[in-house]
>>> print(open('protein13.txt').read())   # compact mmCIF, C-alpha atoms
# COMPACT_ATOMS: atom_id res chain seq x y z
CA MET R 1 0.00 0.00 0.00
CA ILE R 2 1.17 3.52 -0.75
CA SER R 3 -0.18 6.99 -0.01
CA ASN R 4 -2.51 8.13 -2.78
CA ALA R 5 -1.87 11.75 -1.85
CA MET R 6 1.89 11.37 -2.15
CA TYR R 7 1.53 9.33 -5.35
CA SER R 8 -0.58 12.05 -6.95
CA LEU R 9 2.07 14.67 -6.11
CA GLY R 10 4.81 12.54 -7.61
CA ALA R 11 2.86 11.44 -10.67
CA LYS R 12 1.64 14.94 -11.55
CA ARG R 13 4.80 16.96 -12.00
CA SER R 14 5.07 20.66 -11.31
CA CYS R 15 4.18 22.44 -14.56
CA ILE R 16 7.45 24.38 -14.24
CA ARG R 17 9.60 21.30 -13.70
CA GLU R 18 7.82 19.40 -16.44
CA LEU R 19 8.65 22.07 -19.02
CA PHE R 20 12.20 22.46 -17.71
CA GLU R 21 12.87 18.73 -18.00
CA TYR R 22 11.21 18.64 -21.45
CA GLY R 23 13.64 21.37 -22.49
CA ILE R 24 16.62 19.29 -21.36
CA GLN R 25 15.44 16.33 -23.44
CA GLN R 26 14.52 18.48 -26.44
CA ALA R 27 17.98 20.05 -26.40
CA LYS R 28 19.41 16.61 -27.09
CA VAL R 29 17.23 16.38 -30.19
CA VAL R 30 17.48 19.85 -31.74
CA GLY R 31 20.53 21.27 -29.94
CA LYS R 32 20.63 23.35 -26.79
CA GLU R 33 21.03 26.54 -28.79
CA ASN R 34 17.66 25.91 -30.49
CA VAL R 35 15.60 25.58 -27.30
CA MET R 36 14.36 28.88 -25.88
CA ASP R 37 13.68 27.87 -22.30
CA PHE R 38 11.92 30.52 -20.18
CA SER R 39 10.47 27.95 -17.79
CA ILE R 40 12.55 27.96 -14.61
CA GLY R 41 14.28 30.56 -12.45
CA ASN R 42 17.87 29.42 -12.90
CA PRO R 43 19.93 32.61 -12.45
CA SER R 44 22.17 33.28 -15.44
CA ILE R 45 24.44 35.90 -13.90
CA PRO R 46 27.60 34.51 -12.31
CA THR R 47 27.85 33.84 -8.61
CA PRO R 48 29.52 36.94 -7.07
CA ASP R 49 33.30 36.64 -6.69
CA ALA R 50 33.08 37.15 -2.94
CA VAL R 51 30.88 34.05 -2.66
CA THR R 52 33.16 31.92 -4.83
CA ASP R 53 36.17 33.10 -2.83
CA ALA R 54 34.45 32.24 0.44
CA PHE R 55 33.71 28.71 -0.79
CA ASP R 56 37.31 28.27 -1.94
CA GLN R 57 38.81 29.49 1.32
CA LEU R 58 36.49 27.39 3.47
CA VAL R 59 36.92 24.10 1.61
CA GLN R 60 40.70 24.49 1.78
CA SER R 61 40.56 24.78 5.55
CA GLU R 62 42.17 21.96 7.48
CA ASP R 63 39.48 22.12 10.18
CA THR R 64 37.09 19.55 8.71
CA ILE R 65 34.70 19.55 11.65
CA ALA R 66 34.38 23.34 11.66
CA VAL R 67 33.64 23.45 7.93
CA HIS R 68 31.75 20.22 7.30
CA GLY R 69 30.56 19.10 10.74
CA TYR R 70 27.15 19.49 12.35
CA THR R 71 25.95 22.87 13.56
CA PRO R 72 23.16 23.41 16.10
CA ALA R 73 19.76 22.68 14.54
CA ALA R 74 18.93 26.38 14.21
CA GLY R 75 22.30 27.06 12.63
CA ASP R 76 25.81 28.21 13.39
CA PHE R 77 25.73 31.10 15.88
CA ASP R 78 28.08 33.31 13.86
CA ALA R 79 25.98 32.79 10.72
CA ARG R 80 22.75 33.59 12.58
CA LYS R 81 24.39 36.68 14.12
CA ALA R 82 25.56 37.87 10.70
CA VAL R 83 22.01 37.59 9.34
CA ALA R 84 20.49 39.19 12.44
CA ASP R 85 22.93 42.11 12.33
CA ASN R 86 22.25 42.60 8.62
CA LEU R 87 18.49 42.73 9.17
CA THR R 88 18.90 45.05 12.16
CA ARG R 89 20.92 47.53 10.08
CA ARG R 90 18.66 47.44 7.07
CA ALA R 91 15.28 47.30 8.79
CA ARG R 92 16.08 49.52 11.77
CA ALA R 93 14.60 46.80 13.93
CA GLU R 94 16.10 44.73 16.71
CA ILE R 95 16.79 41.21 15.41
CA ARG R 96 18.79 38.74 17.49
CA PRO R 97 20.53 35.50 16.48
CA ASP R 98 17.83 33.64 18.44
CA ASN R 99 15.24 34.97 15.97
CA ILE R 100 16.93 33.17 13.05
CA TYR R 101 16.50 29.50 12.08
CA PHE R 102 18.56 28.34 9.10
CA THR R 103 16.89 26.01 6.59
CA CYS R 104 17.73 24.33 3.28
CA GLY R 105 16.24 27.17 1.25
CA ALA R 106 12.92 29.00 1.41
CA ALA R 107 10.70 25.94 0.83
CA PRO R 108 11.56 24.17 4.14
CA ALA R 109 11.28 27.56 5.86
CA LEU R 110 7.74 27.94 4.53
CA ILE R 111 6.76 24.34 5.28
CA SER R 112 8.09 24.48 8.84
CA THR R 113 6.21 27.72 9.48
CA ILE R 114 2.99 26.30 8.01
CA ARG R 115 3.33 23.12 10.09
CA ALA R 116 3.90 25.23 13.20
CA LEU R 117 0.50 26.85 12.61
CA ALA R 118 -1.36 23.65 11.68
CA VAL R 119 -3.90 23.56 14.48
CA GLU R 120 -7.22 21.79 13.92
CA ASP R 121 -9.12 23.18 10.90
CA ALA R 122 -6.33 25.70 10.21
CA GLU R 123 -6.54 27.73 7.00
CA ILE R 124 -3.65 29.41 5.20
CA MET R 125 -4.45 32.09 2.61
CA VAL R 126 -2.52 32.96 -0.54
CA ILE R 127 -2.98 35.76 -3.06
CA ALA R 128 -3.23 34.89 -6.73
CA PRO R 129 -1.08 34.79 -8.70
CA TYR R 130 0.90 32.56 -6.36
CA PHE R 131 3.81 30.14 -6.54
CA PRO R 132 2.21 26.75 -7.41
CA GLU R 133 4.04 24.83 -4.68
CA TYR R 134 2.15 26.79 -2.01
CA ARG R 135 -0.78 24.43 -2.51
CA PRO R 136 1.06 21.19 -1.61
CA PHE R 137 3.04 23.00 1.09
CA ILE R 138 -0.26 23.94 2.73
CA GLU R 139 -2.51 20.98 1.97
CA MET R 140 0.06 18.29 2.77
CA ASN R 141 1.03 19.90 6.05
CA GLY R 142 -2.27 19.96 7.86
CA CYS R 143 -3.94 23.15 6.62
CA LYS R 144 -6.63 24.22 4.17
CA PHE R 145 -5.50 26.15 1.09
CA VAL R 146 -7.54 29.37 0.55
CA ALA R 147 -6.81 31.50 -2.53
CA VAL R 148 -7.70 35.16 -2.99
CA PRO R 149 -8.62 35.86 -6.65
CA PRO R 150 -6.14 38.01 -8.60
CA ASP R 151 -6.16 41.68 -9.44
CA THR R 152 -5.27 41.17 -13.09
CA ARG R 153 -4.77 44.87 -13.80
CA ALA R 154 -2.21 46.00 -11.19
CA PHE R 155 -1.54 42.66 -9.47
CA GLN R 156 -1.91 44.19 -6.03
CA ILE R 157 -4.52 42.77 -3.58
CA ARG R 158 -8.30 42.56 -3.97
CA PHE R 159 -9.21 43.44 -0.41
CA ASP R 160 -12.92 42.78 -0.90
CA GLU R 161 -12.13 39.20 -1.87
CA LEU R 162 -9.54 38.81 0.88
CA GLU R 163 -11.80 40.01 3.70
CA LYS R 164 -14.69 37.71 2.85
CA ARG R 165 -12.37 34.69 2.89
CA ILE R 166 -11.09 35.32 6.42
CA THR R 167 -12.71 32.99 8.94
CA PRO R 168 -12.08 32.09 12.59
CA HIS R 169 -9.85 29.32 11.23
CA THR R 170 -7.54 31.66 9.30
CA GLN R 171 -4.06 31.24 10.71
CA ALA R 172 -1.89 33.08 8.22
CA LEU R 173 -1.57 34.77 4.85
CA ILE R 174 1.46 34.18 2.61
CA VAL R 175 2.74 37.43 1.11
CA ASN R 176 5.22 37.05 -1.76
CA SER R 177 6.78 40.36 -2.82
CA PRO R 178 8.50 40.76 -5.23
CA ASN R 179 6.03 38.31 -6.59
CA ASN R 180 6.54 35.07 -8.46
CA PRO R 181 5.10 35.01 -11.16
CA SER R 182 4.15 38.67 -11.76
CA GLY R 183 7.35 40.43 -10.70
CA VAL R 184 5.19 43.03 -8.93
CA VAL R 185 6.27 44.60 -5.64
CA TYR R 186 3.37 45.34 -3.29
CA THR R 187 3.23 49.06 -2.60
CA VAL R 188 3.54 50.53 0.88
CA GLU R 189 -0.08 51.63 0.57
CA THR R 190 -1.16 48.06 -0.20
CA LEU R 191 0.79 46.68 2.75
CA GLN R 192 -0.50 49.32 5.14
CA ARG R 193 -4.07 48.56 4.11
CA LEU R 194 -3.36 44.85 4.50
CA ALA R 195 -2.05 45.50 8.01
CA GLU R 196 -5.21 47.40 8.88
CA VAL R 197 -7.45 44.61 7.60
CA LEU R 198 -5.55 41.83 9.36
CA THR R 199 -5.33 43.79 12.63
CA ARG R 200 -9.08 44.40 12.59
CA LYS R 201 -9.92 40.82 11.62
CA SER R 202 -7.54 39.38 14.22
CA LYS R 203 -9.42 41.28 16.92
CA GLU R 204 -12.76 40.09 15.54
CA ILE R 205 -11.81 36.39 15.52
CA GLY R 206 -9.84 36.50 18.77
CA HIS R 207 -6.38 35.37 17.63
CA PRO R 208 -3.58 36.75 15.46
CA ILE R 209 -3.60 36.23 11.72
CA TYR R 210 0.07 35.95 10.88
CA ILE R 211 1.78 37.06 7.70
CA ILE R 212 4.30 34.61 6.29
CA ALA R 213 6.52 36.81 4.12
CA ASP R 214 8.10 34.71 1.36
CA GLU R 215 11.00 36.89 0.21
CA PRO R 216 13.53 35.05 -1.98
CA TYR R 217 13.54 38.00 -4.43
CA ARG R 218 13.81 40.81 -1.86
CA GLU R 219 16.99 42.33 -3.33
CA LEU R 220 15.99 41.81 -6.98
CA VAL R 221 14.26 45.14 -7.62
CA TYR R 222 14.49 47.80 -10.34
CA ASP R 223 13.78 51.49 -10.96
CA GLY R 224 14.19 52.35 -7.28
CA ALA R 225 11.44 50.00 -6.09
CA ASP R 226 11.45 49.38 -2.34
CA VAL R 227 10.56 46.18 -0.48
CA PRO R 228 9.57 47.27 3.02
CA TYR R 229 10.51 45.27 6.10
CA LEU R 230 7.04 43.91 6.76
CA PRO R 231 7.24 43.51 10.58
CA ASN R 232 7.61 47.30 10.77
CA ILE R 233 4.19 47.57 9.11
CA TYR R 234 2.51 44.47 10.57
CA PRO R 235 4.30 43.09 13.64
CA ASP R 236 2.84 39.56 13.40
CA THR R 237 5.07 38.74 10.42
CA MET R 238 7.57 35.90 10.00
CA ILE R 239 10.09 36.13 7.16
CA CYS R 240 11.09 33.15 5.00
CA TYR R 241 14.16 33.90 2.94
CA SER R 242 16.54 32.22 0.50
CA TYR R 243 19.92 33.18 -0.91
CA SER R 244 19.28 31.10 -4.04
CA LYS R 245 18.29 33.95 -6.33
CA ILE R 246 20.36 36.91 -5.16
CA LEU R 247 23.64 34.98 -5.02
CA SER R 248 22.97 32.67 -8.02
CA LEU R 249 22.98 29.59 -5.78
CA PRO R 250 19.65 27.87 -6.51
CA GLY R 251 21.10 24.39 -6.18
CA GLU R 252 22.82 25.07 -2.88
CA ARG R 253 19.56 25.42 -0.89
CA ILE R 254 20.29 27.80 1.97
CA GLY R 255 17.84 30.19 3.65
CA TYR R 256 16.21 30.96 6.98
CA VAL R 257 13.08 31.73 8.95
CA CYS R 258 13.11 34.94 10.99
CA VAL R 259 10.63 35.21 13.88
CA PRO R 260 11.07 38.73 15.31
CA ASP R 261 10.40 39.36 19.00
CA VAL R 262 7.45 41.61 18.06
CA VAL R 263 5.50 38.59 16.76
CA THR R 264 2.75 37.41 19.10
CA ASP R 265 3.97 34.34 21.06
CA SER R 266 7.29 34.62 19.23
CA LYS R 267 9.25 32.22 21.47
CA ASP R 268 6.56 29.55 21.33
CA LEU R 269 6.20 30.01 17.57
CA PHE R 270 9.96 29.72 17.07
CA ALA R 271 9.96 26.50 19.11
CA ALA R 272 7.05 25.17 17.03
CA ILE R 273 8.96 25.95 13.82
CA ALA R 274 11.96 24.11 15.23
CA GLY R 275 9.72 21.15 16.09
CA ALA R 276 8.11 21.17 12.65
CA SER R 277 11.54 21.26 11.04
CA ARG R 278 12.55 18.31 13.18
CA THR R 279 9.63 16.26 11.81
CA LEU R 280 10.98 16.88 8.32
CA GLY R 281 14.22 15.16 9.25
CA HIS R 282 16.12 18.42 9.62
CA VAL R 283 19.41 18.11 11.51
CA CYS R 284 20.97 21.37 10.37
CA ALA R 285 21.25 23.32 7.16
CA PRO R 286 24.51 22.62 5.26
CA SER R 287 27.29 23.98 7.45
CA LEU R 288 29.53 25.03 4.55
CA GLN R 289 26.77 27.19 3.05
CA GLN R 290 26.01 28.72 6.45
CA LYS R 291 29.62 29.78 6.83
CA VAL R 292 29.67 31.22 3.31
CA ILE R 293 26.58 33.27 4.13
CA ALA R 294 28.20 34.52 7.35
CA ARG R 295 31.01 35.97 5.21
CA CYS R 296 28.80 37.21 2.36
CA VAL R 297 25.63 38.41 4.05
CA ASP R 298 26.06 41.93 2.63
CA VAL R 299 26.89 40.84 -0.95
CA ARG R 300 24.42 42.00 -3.58
CA PRO R 301 24.13 40.95 -7.23
CA ASP R 302 24.73 43.05 -10.33
CA LEU R 303 21.24 43.30 -11.80
CA ALA R 304 22.18 44.99 -15.07
CA ALA R 305 21.74 41.83 -17.20
CA TYR R 306 18.39 40.99 -15.64
CA ASP R 307 17.22 44.56 -16.12
CA ARG R 308 18.20 44.52 -19.82
CA ASN R 309 16.27 41.30 -20.37
CA ARG R 310 13.29 42.65 -18.44
CA MET R 311 13.06 45.80 -20.53
CA THR R 312 13.88 44.12 -23.85
CA LEU R 313 11.11 41.57 -23.41
CA TYR R 314 8.61 44.01 -21.92
CA ASN R 315 9.12 46.63 -24.64
CA ALA R 316 9.11 44.11 -27.49
CA LEU R 317 6.10 42.10 -26.34
CA THR R 318 3.96 45.14 -25.58
CA SER R 319 4.87 46.59 -29.00
CA TYR R 320 3.66 43.34 -30.61
CA GLY R 321 0.31 43.66 -28.83
CA TYR R 322 0.79 41.51 -25.73
CA ARG R 323 -0.56 42.86 -22.44
CA CYS R 324 1.49 42.56 -19.28
CA ILE R 325 2.34 44.65 -16.26
CA LYS R 326 5.86 46.02 -16.06
CA PRO R 327 7.61 44.06 -13.30
CA ASP R 328 9.26 45.94 -10.42
CA GLY R 329 11.31 43.02 -9.19
CA ALA R 330 12.32 39.35 -9.39
CA PHE R 331 13.07 38.03 -12.89
CA TYR R 332 9.66 37.22 -14.34
CA LEU R 333 7.23 38.64 -16.84
CA PHE R 334 3.55 37.66 -16.52
CA VAL R 335 1.82 38.04 -19.86
CA GLU R 336 -1.83 37.76 -20.88
CA ALA R 337 -2.16 34.92 -23.36
CA PRO R 338 -3.50 35.88 -26.78
CA GLY R 339 -6.64 33.86 -27.34
CA GLY R 340 -7.41 33.60 -23.61
CA SER R 341 -5.95 30.19 -22.75
CA SER R 342 -2.36 30.23 -21.53
CA ARG R 343 -2.16 26.45 -21.75
CA ALA R 344 -3.18 26.42 -25.42
CA PHE R 345 -0.78 29.28 -26.13
CA SER R 346 2.03 27.50 -24.27
CA ASP R 347 1.42 24.38 -26.36
CA ARG R 348 1.68 26.40 -29.58
CA ALA R 349 4.90 28.00 -28.36
CA LYS R 350 6.27 24.58 -27.42
CA GLU R 351 5.91 23.49 -31.05
CA ARG R 352 8.43 26.24 -31.85
CA ASN R 353 10.75 25.15 -29.00
CA LEU R 354 9.75 28.22 -27.00
CA LEU R 355 9.03 27.09 -23.43
CA ILE R 356 6.71 29.34 -21.40
CA VAL R 357 4.78 28.35 -18.28
CA PRO R 358 0.96 28.50 -18.45
CA GLY R 359 -0.67 30.33 -15.55
CA ASP R 360 -3.25 27.73 -14.52
CA ASP R 361 -1.24 26.54 -11.52
CA PHE R 362 -0.47 30.14 -10.55
CA GLY R 363 -4.21 30.81 -10.18
CA CYS R 364 -4.32 32.88 -13.40
CA PRO R 365 -5.15 30.63 -16.39
CA GLU R 366 -5.28 33.59 -18.79
CA PHE R 367 -1.62 34.48 -18.25
CA PHE R 368 1.74 32.82 -18.88
CA ARG R 369 5.07 33.32 -17.11
CA LEU R 370 8.47 34.04 -18.60
CA CYS R 371 11.67 33.72 -16.58
CA THR R 372 13.87 36.59 -17.72
CA CYS R 373 17.06 35.35 -16.02
CA VAL R 374 18.30 33.85 -19.29
CA SER R 375 21.01 34.80 -21.77
CA SER R 376 20.49 37.92 -23.87
CA ASP R 377 21.01 35.76 -26.97
CA MET R 378 18.02 33.63 -26.01
CA VAL R 379 15.92 36.74 -25.51
CA GLN R 380 16.81 38.04 -28.97
CA LYS R 381 16.21 34.66 -30.60
CA SER R 382 12.77 34.42 -29.00
CA LEU R 383 11.41 37.77 -30.19
CA PRO R 384 10.50 36.74 -33.77
CA VAL R 385 8.75 33.66 -32.37
CA PHE R 386 6.68 35.77 -29.96
CA ARG R 387 5.78 38.11 -32.84
CA ASP R 388 4.75 35.22 -35.08
CA LEU R 389 2.64 33.62 -32.35
CA ILE R 390 0.57 36.72 -31.63
CA THR R 391 0.25 37.50 -35.35
CA ALA R 392 -1.30 34.05 -35.85
CA VAL R 393 -3.89 34.80 -33.17
CA GLN R 394 -4.73 38.41 -34.13
CA PRO R 395 -6.71 37.53 -37.30
CA GLN R 396 -8.88 35.27 -35.12
CA ARG R 397 -9.56 38.22 -32.81
CA GLN R 398 -10.57 40.42 -35.74
CA ALA R 399 -12.88 37.71 -37.05
CA VAL R 400 -14.66 37.56 -33.69
>>> encode(input="protein13.txt", output="structure tokens")
Amino acid sequence: MISNAMYSLGAKRSCIRELFEYGIQQAKVVGKENVMDFSIGNPSIPTPDAVTDAFDQLVQSEDTIAVHGYTPAAGDFDARKAVADNLTRRARAEIRPDNIYFTCGAAPALISTIRALAVEDAEIMVIAPYFPEYRPFIEMNGCKFVAVPPDTRAFQIRFDELEKRITPHTQALIVNSPNNPSGVVYTVETLQRLAEVLTRKSKEIGHPIYIIADEPYRELVYDGADVPYLPNIYPDTMICYSYSKILSLPGERIGYVCVPDVVTDSKDLFAAIAGASRTLGHVCAPSLQQKVIARCVDVRPDLAAYDRNRMTLYNALTSYGYRCIKPDGAFYLFVEAPGGSSRAFSDRAKERNLLIVPGDDFGCPEFFRLCTCVSSDMVQKSLPVFRDLITAVQPQRQAV
């Protein structure tokens, strides 16, 4: 006997991973240079030199236990202190090493936080468009998945829809800004209104509604966009973070949960996150990566290449007649599918070896996602294909 729930997750691949793995196989058939793969967020800019140097210096150390041995479950103290000091400086808030719990990337941080809140009949809310893995993270860890319909014009928050979905069982809301897949950064005004709504609703239902801030793209912003430190706006906020994107280390899986002291029942919640992490088989996050982060916590990426791709694709696609919002952050473009069905449009693009992710699993079936963290050559090669695809659909529109 096997678990039907686990079988269904394994048998039905993530739409992102499915396209990514198709691209790998198709490259063997037609050549890698002929596959335009915009499916997955694999950073294309090099890992910063400071990070590479830190790895080199650490692995050459003769102290094997210090570099490769176990750390405490929550992480190496010096690494946690480096992160805490960084957040304290940037956020003008008091963060201590005991507020930081290192994890193998943002996903275990999110899962451990969700499991820590999984009381009987617990509900966790998300705002469409949302990262597709939120659903299994929530549903397979003891909570009900509740989605707020999207604002498909500005991709902020539809507060009317959010408020009517809050119940006495609402435990938390996941806030992902900069957003995957839209690239939008929630404005200060949006976040302040969200704080007002959640504060009022928390009082009405008699317990805090937490925000789980999923922030792997926090430093990937453009045109002066700002990502506020959410606990300064809404104190009952935990932060789940990953260094995968900003340091071009997606395969190294290192991140953390931050539970600030201002969070209601912060010590108990931190202990519950530690307990939830323990049930996942967590012993400690990779010690080498922790020590690299301790040395490189202030390193920031050069975003020039991402910005060029962002603007090249945005300007070209909108000139062809596509509709999409200009992204403020991350490395995604979320585009309305000509003809209305992103899945049908993705299938047509796939026939041309152009791999784009349909928006069904993001909660927006009329849109498709492009990862813009690719080579500039791929961007240029894709533009005639995008033009041809919308040109093929436009006569159908005129006929209607």
>>> closest_residue(input="protein13.txt", among="R:Leu19, R:Leu288, R:Cys258, R:Ala276", to="Arg96 (chain R)", atoms="all atoms listed in the file")
R:Cys258
>>> residues_around(input="protein13.txt", residues="Tyr22 (chain R)", least_positions_apart="3", cutoff="10 Å", atoms="all atoms listed in the file", output="PyMOL selection string")
chain R and resi 16-19+25-27+37+350+353+355
>>> residues_around(input="protein13.txt", residues="Gly363 (chain R)", least_positions_apart="2", cutoff="12 Å", atoms="all atoms listed in the file", output="PyMOL selection string")
chain R and resi 126-135+146-152+180-182+342+358-361+365-369
>>> write_last_selection(input="protein13.txt", atoms="C-alpha atoms", output="CSV table (one decimal), in the coordinates of the input")
chain,number,residue,atom,x,y,z
R,126,VAL,CA,-2.5,33.0,-0.5
R,127,ILE,CA,-3.0,35.8,-3.1
R,128,ALA,CA,-3.2,34.9,-6.7
R,129,PRO,CA,-1.1,34.8,-8.7
R,130,TYR,CA,0.9,32.6,-6.4
R,131,PHE,CA,3.8,30.1,-6.5
R,132,PRO,CA,2.2,26.8,-7.4
R,133,GLU,CA,4.0,24.8,-4.7
R,134,TYR,CA,2.2,26.8,-2.0
R,135,ARG,CA,-0.8,24.4,-2.5
R,146,VAL,CA,-7.5,29.4,0.6
R,147,ALA,CA,-6.8,31.5,-2.5
R,148,VAL,CA,-7.7,35.2,-3.0
R,149,PRO,CA,-8.6,35.9,-6.6
R,150,PRO,CA,-6.1,38.0,-8.6
R,151,ASP,CA,-6.2,41.7,-9.4
R,152,THR,CA,-5.3,41.2,-13.1
R,180,ASN,CA,6.5,35.1,-8.5
R,181,PRO,CA,5.1,35.0,-11.2
R,182,SER,CA,4.2,38.7,-11.8
R,342,SER,CA,-2.4,30.2,-21.5
R,358,PRO,CA,1.0,28.5,-18.4
R,359,GLY,CA,-0.7,30.3,-15.6
R,360,ASP,CA,-3.2,27.7,-14.5
R,361,ASP,CA,-1.2,26.5,-11.5
R,365,PRO,CA,-5.2,30.6,-16.4
R,366,GLU,CA,-5.3,33.6,-18.8
R,367,PHE,CA,-1.6,34.5,-18.2
R,368,PHE,CA,1.7,32.8,-18.9
R,369,ARG,CA,5.1,33.3,-17.1
>>> residues_around(input="protein13.txt", residues="region 103-119 of chain R", least_positions_apart="2", cutoff="7 Å", atoms="all atoms listed in the file", output="list in words")
Tyr101, Asp121, Ala122, Phe137, Ile138, Asn141, Gly142, Cys143, Gln171, Pro216, Cys240, Tyr241, Ser242, Arg253, Ile254, Gly255, Tyr256, Val257, Leu269, Ala272, Ile273, Ala276, Ser277 and Ala285 of chain R
>>> closest_residue(input="protein13.txt", among="R:Ser287, R:Pro338, R:Leu383, R:Pro136", to="Ala5 (chain R)", atoms="only C-alpha atoms")
R:Pro136
>>> closest_residue(input="protein13.txt", among="R:Ala316, R:Ile157, R:Met311, R:Ile95", to="Met238 (chain R)", atoms="only C-alpha atoms")
R:Ile95
>>> atom_distance(input="protein13.txt", atom1="CA of Asp261 (chain R)", atom2="CA of Ile233 (chain R)")
14.3 Å
>>> residues_around(input="protein13.txt", residues="region 75-86 of chain R", least_positions_apart="4", cutoff="8 Å", atoms="only C-alpha atoms", output="PyMOL selection string")
chain R and resi 71+90+95-102+284-285+287+290-291+293-295+297-298
>>> closest_residue(input="protein13.txt", among="R:Thr88, R:Gln156, R:Ser375, R:Thr237", to="Tyr186 (chain R)", atoms="all atoms listed in the file")
R:Gln156
>>> atom_distance(input="protein13.txt", atom1="CA of Leu198 (chain R)", atom2="CA of Pro178 (chain R)")
20.3 Å
>>> atom_distance(input="protein13.txt", atom1="CA of Pro327 (chain R)", atom2="CA of Ala392 (chain R)")
26.2 Å
>>> residues_near_point(input="protein13.txt", point="(7.5, 47.6, -10.2)", cutoff="6 Å", atoms="all atoms listed in the file", output="ChimeraX atom specification")
/R:184-185,327-328
>>> residues_around(input="protein13.txt", residues="Tyr314 (chain R)", least_positions_apart="3", cutoff="9 Å", atoms="only C-alpha atoms", output="list of chain:residue names")
R:Asn309, R:Arg310, R:Met311, R:Leu317, R:Thr318, R:Ser319, R:Cys324, R:Ile325, R:Lys326, R:Pro327, R:Leu333
>>> decode(input="protein13.txt", residues="region 320-333 of chain R", atoms="N, CA and C atoms", output="PDB file, in the first residue's frame")
ATOM      1  N   TYR R 320       4.308  44.325 -29.749  1.00  0.00           N
ATOM      2  CA  TYR R 320       3.657  43.343 -30.613  1.00  0.00           C
ATOM      3  C   TYR R 320       2.154  43.233 -30.335  1.00  0.00           C
ATOM      4  N   GLY R 321       1.725  43.742 -29.180  1.00  0.00           N
ATOM      5  CA  GLY R 321       0.309  43.661 -28.834  1.00  0.00           C
ATOM      6  C   GLY R 321      -0.008  42.818 -27.614  1.00  0.00           C
ATOM      7  N   TYR R 322       1.010  42.255 -26.973  1.00  0.00           N
ATOM      8  CA  TYR R 322       0.791  41.513 -25.727  1.00  0.00           C
ATOM      9  C   TYR R 322       0.484  42.506 -24.601  1.00  0.00           C
ATOM     10  N   ARG R 323      -0.292  42.036 -23.623  1.00  0.00           N
ATOM     11  CA  ARG R 323      -0.563  42.859 -22.444  1.00  0.00           C
ATOM     12  C   ARG R 323       0.100  42.236 -21.229  1.00  0.00           C
ATOM     13  N   CYS R 324       0.902  43.018 -20.536  1.00  0.00           N
ATOM     14  CA  CYS R 324       1.491  42.563 -19.279  1.00  0.00           C
ATOM     15  C   CYS R 324       1.853  43.777 -18.440  1.00  0.00           C
ATOM     16  N   ILE R 325       1.942  43.573 -17.141  1.00  0.00           N
ATOM     17  CA  ILE R 325       2.342  44.653 -16.265  1.00  0.00           C
ATOM     18  C   ILE R 325       3.864  44.687 -16.209  1.00  0.00           C
ATOM     19  N   LYS R 326       4.410  45.879 -16.145  1.00  0.00           N
ATOM     20  CA  LYS R 326       5.862  46.023 -16.059  1.00  0.00           C
ATOM     21  C   LYS R 326       6.325  45.572 -14.679  1.00  0.00           C
ATOM     22  N   PRO R 327       7.206  44.580 -14.602  1.00  0.00           N
ATOM     23  CA  PRO R 327       7.608  44.059 -13.297  1.00  0.00           C
ATOM     24  C   PRO R 327       8.569  44.998 -12.577  1.00  0.00           C
ATOM     25  N   ASP R 328       8.383  45.111 -11.256  1.00  0.00           N
ATOM     26  CA  ASP R 328       9.256  45.943 -10.421  1.00  0.00           C
ATOM     27  C   ASP R 328      10.419  45.147  -9.853  1.00  0.00           C
ATOM     28  N   GLY R 329      10.294  43.817  -9.842  1.00  0.00           N
ATOM     29  CA  GLY R 329      11.314  43.015  -9.192  1.00  0.00           C
ATOM     30  C   GLY R 329      11.322  41.591  -9.710  1.00  0.00           C
ATOM     31  N   ALA R 330      12.126  40.755  -9.027  1.00  0.00           N
ATOM     32  CA  ALA R 330      12.320  39.348  -9.392  1.00  0.00           C
ATOM     33  C   ALA R 330      12.867  39.268 -10.818  1.00  0.00           C
ATOM     34  N   PHE R 331      12.650  38.137 -11.483  1.00  0.00           N
ATOM     35  CA  PHE R 331      13.068  38.031 -12.887  1.00  0.00           C
ATOM     36  C   PHE R 331      12.019  37.262 -13.674  1.00  0.00           C
ATOM     37  N   TYR R 332      10.795  37.820 -13.636  1.00  0.00           N
ATOM     38  CA  TYR R 332       9.663  37.223 -14.337  1.00  0.00           C
ATOM     39  C   TYR R 332       8.876  38.287 -15.082  1.00  0.00           C
ATOM     40  N   LEU R 333       8.192  37.828 -16.117  1.00  0.00           N
ATOM     41  CA  LEU R 333       7.228  38.636 -16.839  1.00  0.00           C
ATOM     42  C   LEU R 333       5.959  37.796 -16.915  1.00  0.00           C
TER      43      LEU R 333
END
